Amino acid sequence: MPKIISANLNGIRSAHKKGFFTWMAAQQADFICVQELKAQHGDMTEEFLMPGGYHGHFHYAEKKGYSGTGVYSKTKPDAMRTGFGCAEFDAEGRYTRCDFGNLTIISVYCPSGSSSPERQVAKFRFMETFLPHLLELKAEGREVVICGDWNIAHNEIDLKNWKGNKKNSGFLPEERAWLTRVFDECGFVDVHRGIDKRDEQYTWWSNRGQAWAKNVGWRIDYHVATPGIASQAHTVSIYKDERFSDHAPLIIDYTL
């Protein structure tokens, strides 16, 4: 009964200081996908690389203090790869894949477009190149769970102030339509929404104003999976008792 966690750390060193690895050890999860390491290999201590005996595999951004993804696992993967074959975004450390038998676990950090028009254009480039990769991934015939920060709230239920964000990055019509294609055309499943259809299931809160205190959040962290393993998911939770970053860990239990 594997437990899989997705957690955007907004800096692995910062999350460590806030107790993330102590919490992670207590979860006894089989796989933990992390995003936004904001670290290079030289910054990674033994505790970051192999916390509590976990095997860690990482994709670092070339730019210091930026992006980065990783997968922790109880068992050593049969194979792993970093990047999905697009030079621009592979340089940003956005994709770590580990294979375990017929199961593939991927940690992904999709770009944000909120900082500038140029980054929004880059986000659209990512979407254009990532969709064909998802089709190729689906065609492999493996069970796949892609965990991470997709930086898109799919539907109105997935963010507090949807009316005021229709023209903002993360809730643009083009972004939402693209995510619909991931599910409808590529055949992947939004595992969280398959189990829990309640509103206010947010995973990210802006550091501005009183967003956390008032629960003015967005659901932008996902488990996106192939139908077989998605159908085996039975429990989902968002951990908010402690704050390790501006995101909350998304935890889903599966039966294999």
# chains A, B, ... in the order shown; residues from 1 in each chain; ligands from 1

call {"tool": "select_by_dssp", "arguments": {"residues": "range 7-243 of chain A", "states": "strand (DSSP E)", "output": "MDAnalysis selection string"}}
result
chainID A and resid 7:8 31:35 55:59 69:73 79:82 95:100 103:109 143:149 189:190 204:205 217:218 221:225 233:238

call {"tool": "write_last_selection", "arguments": {"atoms": "C-alpha atoms", "output": "PDB file, in the first residue's frame"}}
result
ATOM      1  CA  ALA A   7       5.990  18.673  -1.615  1.00  0.00           C
ATOM      2  CA  ASN A   8       7.213  21.949  -3.055  1.00  0.00           C
ATOM      3  CA  PHE A  31       7.993   7.875  -2.361  1.00  0.00           C
ATOM      4  CA  ILE A  32       8.424  11.590  -1.719  1.00  0.00           C
ATOM      5  CA  CYS A  33       8.600  13.919  -4.698  1.00  0.00           C
ATOM      6  CA  VAL A  34      10.086  17.340  -3.961  1.00  0.00           C
ATOM      7  CA  GLN A  35      10.268  20.511  -6.025  1.00  0.00           C
ATOM      8  CA  HIS A  55      17.491   6.909  -1.733  1.00  0.00           C
ATOM      9  CA  GLY A  56      17.496  10.407  -3.220  1.00  0.00           C
ATOM     10  CA  HIS A  57      17.762  11.316  -6.900  1.00  0.00           C
ATOM     11  CA  PHE A  58      17.790  14.908  -8.080  1.00  0.00           C
ATOM     12  CA  HIS A  59      17.719  17.213 -11.086  1.00  0.00           C
ATOM     13  CA  THR A  69      13.369  18.521  -8.387  1.00  0.00           C
ATOM     14  CA  GLY A  70      13.949  15.198  -6.653  1.00  0.00           C
ATOM     15  CA  VAL A  71      12.521  11.800  -5.764  1.00  0.00           C
ATOM     16  CA  TYR A  72      13.115  10.025  -2.458  1.00  0.00           C
ATOM     17  CA  SER A  73      12.338   6.309  -2.286  1.00  0.00           C
ATOM     18  CA  ALA A  79      16.432   3.222 -13.532  1.00  0.00           C
ATOM     19  CA  MET A  80      16.320   7.000 -13.313  1.00  0.00           C
ATOM     20  CA  ARG A  81      16.609   9.964 -15.637  1.00  0.00           C
ATOM     21  CA  THR A  82      16.653  13.715 -15.331  1.00  0.00           C
ATOM     22  CA  TYR A  95      12.009  16.734 -14.095  1.00  0.00           C
ATOM     23  CA  THR A  96      13.229  13.704 -12.146  1.00  0.00           C
ATOM     24  CA  ARG A  97      12.009  10.218 -13.116  1.00  0.00           C
ATOM     25  CA  CYS A  98      12.578   6.971 -11.232  1.00  0.00           C
ATOM     26  CA  ASP A  99      11.372   3.511 -12.330  1.00  0.00           C
ATOM     27  CA  PHE A 100      10.480   0.711  -9.907  1.00  0.00           C
ATOM     28  CA  LEU A 103       5.817   1.775 -11.716  1.00  0.00           C
ATOM     29  CA  THR A 104       7.264   5.157 -12.688  1.00  0.00           C
ATOM     30  CA  ILE A 105       7.433   8.010 -10.181  1.00  0.00           C
ATOM     31  CA  ILE A 106       8.115  11.493 -11.561  1.00  0.00           C
ATOM     32  CA  SER A 107       8.695  14.758  -9.743  1.00  0.00           C
ATOM     33  CA  VAL A 108       7.906  17.763 -11.938  1.00  0.00           C
ATOM     34  CA  TYR A 109       8.040  21.504 -11.401  1.00  0.00           C
ATOM     35  CA  GLU A 143       1.840   2.797 -14.345  1.00  0.00           C
ATOM     36  CA  VAL A 144       2.922   6.393 -13.827  1.00  0.00           C
ATOM     37  CA  VAL A 145       2.446   8.911 -11.021  1.00  0.00           C
ATOM     38  CA  ILE A 146       3.622  12.448 -11.817  1.00  0.00           C
ATOM     39  CA  CYS A 147       3.781  14.490  -8.626  1.00  0.00           C
ATOM     40  CA  GLY A 148       4.509  18.140  -8.435  1.00  0.00           C
ATOM     41  CA  ASP A 149       3.721  21.795  -8.685  1.00  0.00           C
ATOM     42  CA  VAL A 189      -6.093  11.276 -14.020  1.00  0.00           C
ATOM     43  CA  ASP A 190      -6.198  14.031 -11.404  1.00  0.00           C
ATOM     44  CA  TRP A 204      -0.426  26.942  -2.005  1.00  0.00           C
ATOM     45  CA  TRP A 205      -0.946  30.315  -0.380  1.00  0.00           C
ATOM     46  CA  GLY A 217      -5.307  29.547  -1.558  1.00  0.00           C
ATOM     47  CA  TRP A 218      -4.814  27.699  -4.828  1.00  0.00           C
ATOM     48  CA  ASP A 221       0.062  20.671  -6.617  1.00  0.00           C
ATOM     49  CA  TYR A 222      -1.119  17.388  -8.107  1.00  0.00           C
ATOM     50  CA  HIS A 223      -0.709  13.648  -8.385  1.00  0.00           C
ATOM     51  CA  VAL A 224      -1.321  13.074 -12.114  1.00  0.00           C
ATOM     52  CA  ALA A 225      -1.442   9.341 -12.795  1.00  0.00           C
ATOM     53  CA  ALA A 233      -5.864   5.558  -4.688  1.00  0.00           C
ATOM     54  CA  HIS A 234      -8.017   5.548  -1.578  1.00  0.00           C
ATOM     55  CA  THR A 235      -6.935   8.286   0.850  1.00  0.00           C
ATOM     56  CA  VAL A 236      -5.831  11.872   0.227  1.00  0.00           C
ATOM     57  CA  SER A 237      -4.755  14.572   2.645  1.00  0.00           C
ATOM     58  CA  ILE A 238      -3.104  17.978   2.615  1.00  0.00           C
TER      59      ILE A 238
END

call {"tool": "atom_distance", "arguments": {"atom1": "CA of Phe183 in chain A", "atom2": "CA of Ala230 in chain A"}}
result
12.0 Å

call {"tool": "residues_around", "arguments": {"residues": "Glu242 in chain A", "least_positions_apart": "4", "cutoff": "9 Å", "atoms": "only C-alpha atoms", "output": "MDAnalysis selection string"}}
result
chainID A and resid 18:20 248

call {"tool": "residues_around", "arguments": {"residues": "Gly68 in chain A", "least_positions_apart": "5", "cutoff": "6 Å", "atoms": "only C-alpha atoms", "output": "mmCIF file with all heavy atoms, in the first residue's frame"}}
result
data_model
loop_
_atom_site.group_PDB
_atom_site.id
_atom_site.type_symbol
_atom_site.label_atom_id
_atom_site.label_comp_id
_atom_site.auth_asym_id
_atom_site.auth_seq_id
_atom_site.Cartn_x
_atom_site.Cartn_y
_atom_site.Cartn_z
ATOM 1 N N GLN A 35 10.018 19.508 -4.991
ATOM 2 C CA GLN A 35 10.268 20.511 -6.025
ATOM 3 C C GLN A 35 10.831 21.771 -5.393
ATOM 4 O O GLN A 35 10.725 21.979 -4.196
ATOM 5 C CB GLN A 35 8.975 20.854 -6.790
ATOM 6 C CG GLN A 35 8.272 19.670 -7.427
ATOM 7 C CD GLN A 35 7.301 19.013 -6.480
ATOM 8 O OE1 GLN A 35 6.585 19.697 -5.739
ATOM 9 N NE2 GLN A 35 7.240 17.688 -6.470
ATOM 10 N N GLU A 36 11.396 22.612 -6.244
ATOM 11 C CA GLU A 36 12.025 23.861 -5.828
ATOM 12 C C GLU A 36 13.088 23.629 -4.768
ATOM 13 O O GLU A 36 13.018 24.168 -3.658
ATOM 14 C CB GLU A 36 10.980 24.881 -5.357
ATOM 15 C CG GLU A 36 10.668 25.916 -6.418
ATOM 16 C CD GLU A 36 10.005 27.176 -5.891
ATOM 17 O OE1 GLU A 36 8.874 27.098 -5.390
ATOM 18 O OE2 GLU A 36 10.635 28.248 -6.011
ATOM 19 N N LEU A 37 14.075 22.826 -5.127
ATOM 20 C CA LEU A 37 15.198 22.588 -4.219
ATOM 21 C C LEU A 37 15.958 23.882 -3.928
ATOM 22 O O LEU A 37 16.439 24.092 -2.824
ATOM 23 C CB LEU A 37 16.169 21.581 -4.836
ATOM 24 C CG LEU A 37 15.631 20.188 -5.171
ATOM 25 C CD1 LEU A 37 16.701 19.382 -5.910
ATOM 26 C CD2 LEU A 37 15.189 19.467 -3.912
ATOM 27 N N HIS A 59 17.433 16.471 -9.856
ATOM 28 C CA HIS A 59 17.719 17.213 -11.086
ATOM 29 C C HIS A 59 17.916 18.666 -10.689
ATOM 30 O O HIS A 59 16.964 19.340 -10.287
ATOM 31 C CB HIS A 59 16.554 17.063 -12.064
ATOM 32 C CG HIS A 59 16.808 17.632 -13.417
ATOM 33 N ND1 HIS A 59 15.797 17.921 -14.306
ATOM 34 C CD2 HIS A 59 17.966 17.953 -14.051
ATOM 35 C CE1 HIS A 59 16.317 18.391 -15.424
ATOM 36 N NE2 HIS A 59 17.633 18.426 -15.290
ATOM 37 N N TYR A 60 19.153 19.128 -10.764
ATOM 38 C CA TYR A 60 19.476 20.480 -10.322
ATOM 39 C C TYR A 60 19.421 21.453 -11.496
ATOM 40 O O TYR A 60 19.813 21.123 -12.616
ATOM 41 C CB TYR A 60 20.880 20.524 -9.712
ATOM 42 C CG TYR A 60 21.099 19.522 -8.608
ATOM 43 C CD1 TYR A 60 21.896 18.394 -8.813
ATOM 44 C CD2 TYR A 60 20.502 19.684 -7.360
ATOM 45 C CE1 TYR A 60 22.103 17.473 -7.805
ATOM 46 C CE2 TYR A 60 20.696 18.762 -6.343
ATOM 47 C CZ TYR A 60 21.505 17.650 -6.581
ATOM 48 O OH TYR A 60 21.696 16.729 -5.580
ATOM 49 N N ALA A 61 18.971 22.670 -11.206
ATOM 50 C CA ALA A 61 19.015 23.722 -12.212
ATOM 51 C C ALA A 61 20.449 24.214 -12.380
ATOM 52 O O ALA A 61 21.240 24.191 -11.436
ATOM 53 C CB ALA A 61 18.114 24.882 -11.802
ATOM 54 N N GLY A 93 16.186 22.119 -14.324
ATOM 55 C CA GLY A 93 16.055 21.078 -13.301
ATOM 56 C C GLY A 93 14.623 20.723 -12.946
ATOM 57 O O GLY A 93 14.303 20.503 -11.775
ATOM 58 N N ARG A 94 13.763 20.621 -13.936
ATOM 59 C CA ARG A 94 12.332 20.514 -13.678
ATOM 60 C C ARG A 94 11.762 19.096 -13.696
ATOM 61 O O ARG A 94 10.553 18.922 -13.518
ATOM 62 C CB ARG A 94 11.569 21.381 -14.690
ATOM 63 C CG ARG A 94 11.874 22.847 -14.527
ATOM 64 C CD ARG A 94 10.972 23.730 -15.371
ATOM 65 N NE ARG A 94 11.256 25.151 -15.128
ATOM 66 C CZ ARG A 94 10.742 25.855 -14.127
ATOM 67 N NH1 ARG A 94 9.904 25.273 -13.282
ATOM 68 N NH2 ARG A 94 11.050 27.130 -13.965
#

call {"tool": "closest_residue", "arguments": {"among": "A:Ile12, A:Pro51, A:Ile195, A:Arg219", "to": "Ala26 in chain A", "atoms": "only C-alpha atoms"}}
result
A:Pro51

call {"tool": "select_by_dssp", "arguments": {"residues": "range 4-222 of chain A", "states": "helix (DSSP H, G or I)", "output": "PyMOL selection string"}}
result
chain A and resi 12-17+20-27+41-43+46-49+51-53+87-90+117-139+156-158+163-165+173-184+191-195

call {"tool": "atom_distance", "arguments": {"atom1": "CA of Tyr66 in chain A", "atom2": "CA of Met44 in chain A"}}
result
13.9 Å

call {"tool": "atom_distance", "arguments": {"atom1": "CA of Thr75 in chain A", "atom2": "CA of Tyr54 in chain A"}}
result
7.3 Å

call {"tool": "closest_residue", "arguments": {"among": "A:His192, A:Lys166, A:Lys63, A:Lys38", "to": "Ser6 in chain A", "atoms": "only C-alpha atoms"}}
result
A:His192

call {"tool": "residues_around", "arguments": {"residues": "range 14-16 of chain A", "least_positions_apart": "3", "cutoff": "9 Å", "atoms": "only C-alpha atoms", "output": "list in words"}}
result
Leu9, Asn10, Gly11, Gly19, Phe20, Phe21, Thr22, Phe48, Arg243, Phe244 and Ser245 of chain A

call {"tool": "write_last_selection", "arguments": {"atoms": "N, CA, C and O atoms", "output": "PDB file, in the first residue's frame"}}
result
ATOM      1  N   LEU A   9       9.186  22.521  -1.744  1.00  0.00           N
ATOM      2  CA  LEU A   9       9.901  22.930  -0.539  1.00  0.00           C
ATOM      3  C   LEU A   9      10.233  24.417  -0.493  1.00  0.00           C
ATOM      4  O   LEU A   9      10.549  24.943   0.571  1.00  0.00           O
ATOM      5  N   ASN A  10      10.183  25.073  -1.660  1.00  0.00           N
ATOM      6  CA  ASN A  10      10.593  26.485  -1.731  1.00  0.00           C
ATOM      7  C   ASN A  10      11.943  26.677  -1.046  1.00  0.00           C
ATOM      8  O   ASN A  10      12.131  27.573  -0.230  1.00  0.00           O
ATOM      9  N   GLY A  11      12.857  25.787  -1.400  1.00  0.00           N
ATOM     10  CA  GLY A  11      14.209  25.805  -0.832  1.00  0.00           C
ATOM     11  C   GLY A  11      14.409  24.662   0.140  1.00  0.00           C
ATOM     12  O   GLY A  11      13.809  24.661   1.213  1.00  0.00           O
ATOM     13  N   GLY A  19      11.821  21.865   9.763  1.00  0.00           N
ATOM     14  CA  GLY A  19      11.455  20.541  10.255  1.00  0.00           C
ATOM     15  C   GLY A  19      10.925  19.563   9.229  1.00  0.00           C
ATOM     16  O   GLY A  19      10.366  18.523   9.599  1.00  0.00           O
ATOM     17  N   PHE A  20      11.124  19.854   7.947  1.00  0.00           N
ATOM     18  CA  PHE A  20      10.545  18.977   6.919  1.00  0.00           C
ATOM     19  C   PHE A  20      11.037  17.547   7.027  1.00  0.00           C
ATOM     20  O   PHE A  20      10.242  16.601   6.947  1.00  0.00           O
ATOM     21  N   PHE A  21      12.334  17.340   7.208  1.00  0.00           N
ATOM     22  CA  PHE A  21      12.863  15.974   7.185  1.00  0.00           C
ATOM     23  C   PHE A  21      12.466  15.185   8.433  1.00  0.00           C
ATOM     24  O   PHE A  21      12.303  13.968   8.371  1.00  0.00           O
ATOM     25  N   THR A  22      12.286  15.859   9.547  1.00  0.00           N
ATOM     26  CA  THR A  22      11.753  15.187  10.735  1.00  0.00           C
ATOM     27  C   THR A  22      10.337  14.708  10.469  1.00  0.00           C
ATOM     28  O   THR A  22       9.964  13.565  10.786  1.00  0.00           O
ATOM     29  N   PHE A  48      20.277  15.643   3.274  1.00  0.00           N
ATOM     30  CA  PHE A  48      19.429  15.984   2.132  1.00  0.00           C
ATOM     31  C   PHE A  48      19.464  14.874   1.080  1.00  0.00           C
ATOM     32  O   PHE A  48      18.450  14.587   0.448  1.00  0.00           O
ATOM     33  N   ARG A 243       4.137  24.407   8.718  1.00  0.00           N
ATOM     34  CA  ARG A 243       4.425  25.061   7.438  1.00  0.00           C
ATOM     35  C   ARG A 243       5.907  24.924   7.121  1.00  0.00           C
ATOM     36  O   ARG A 243       6.755  25.491   7.794  1.00  0.00           O
ATOM     37  N   PHE A 244       6.195  24.140   6.086  1.00  0.00           N
ATOM     38  CA  PHE A 244       7.579  23.963   5.654  1.00  0.00           C
ATOM     39  C   PHE A 244       7.925  24.924   4.515  1.00  0.00           C
ATOM     40  O   PHE A 244       9.094  25.187   4.252  1.00  0.00           O
ATOM     41  N   SER A 245       6.909  25.410   3.808  1.00  0.00           N
ATOM     42  CA  SER A 245       7.095  26.364   2.714  1.00  0.00           C
ATOM     43  C   SER A 245       5.762  27.042   2.456  1.00  0.00           C
ATOM     44  O   SER A 245       4.826  26.919   3.247  1.00  0.00           O
TER      45      SER A 245
END

call {"tool": "closest_residue", "arguments": {"among": "A:Leu131, A:Leu250, A:Ala211, A:Ala177", "to": "Cys110 in chain A", "atoms": "only C-alpha atoms"}}
result
A:Leu131
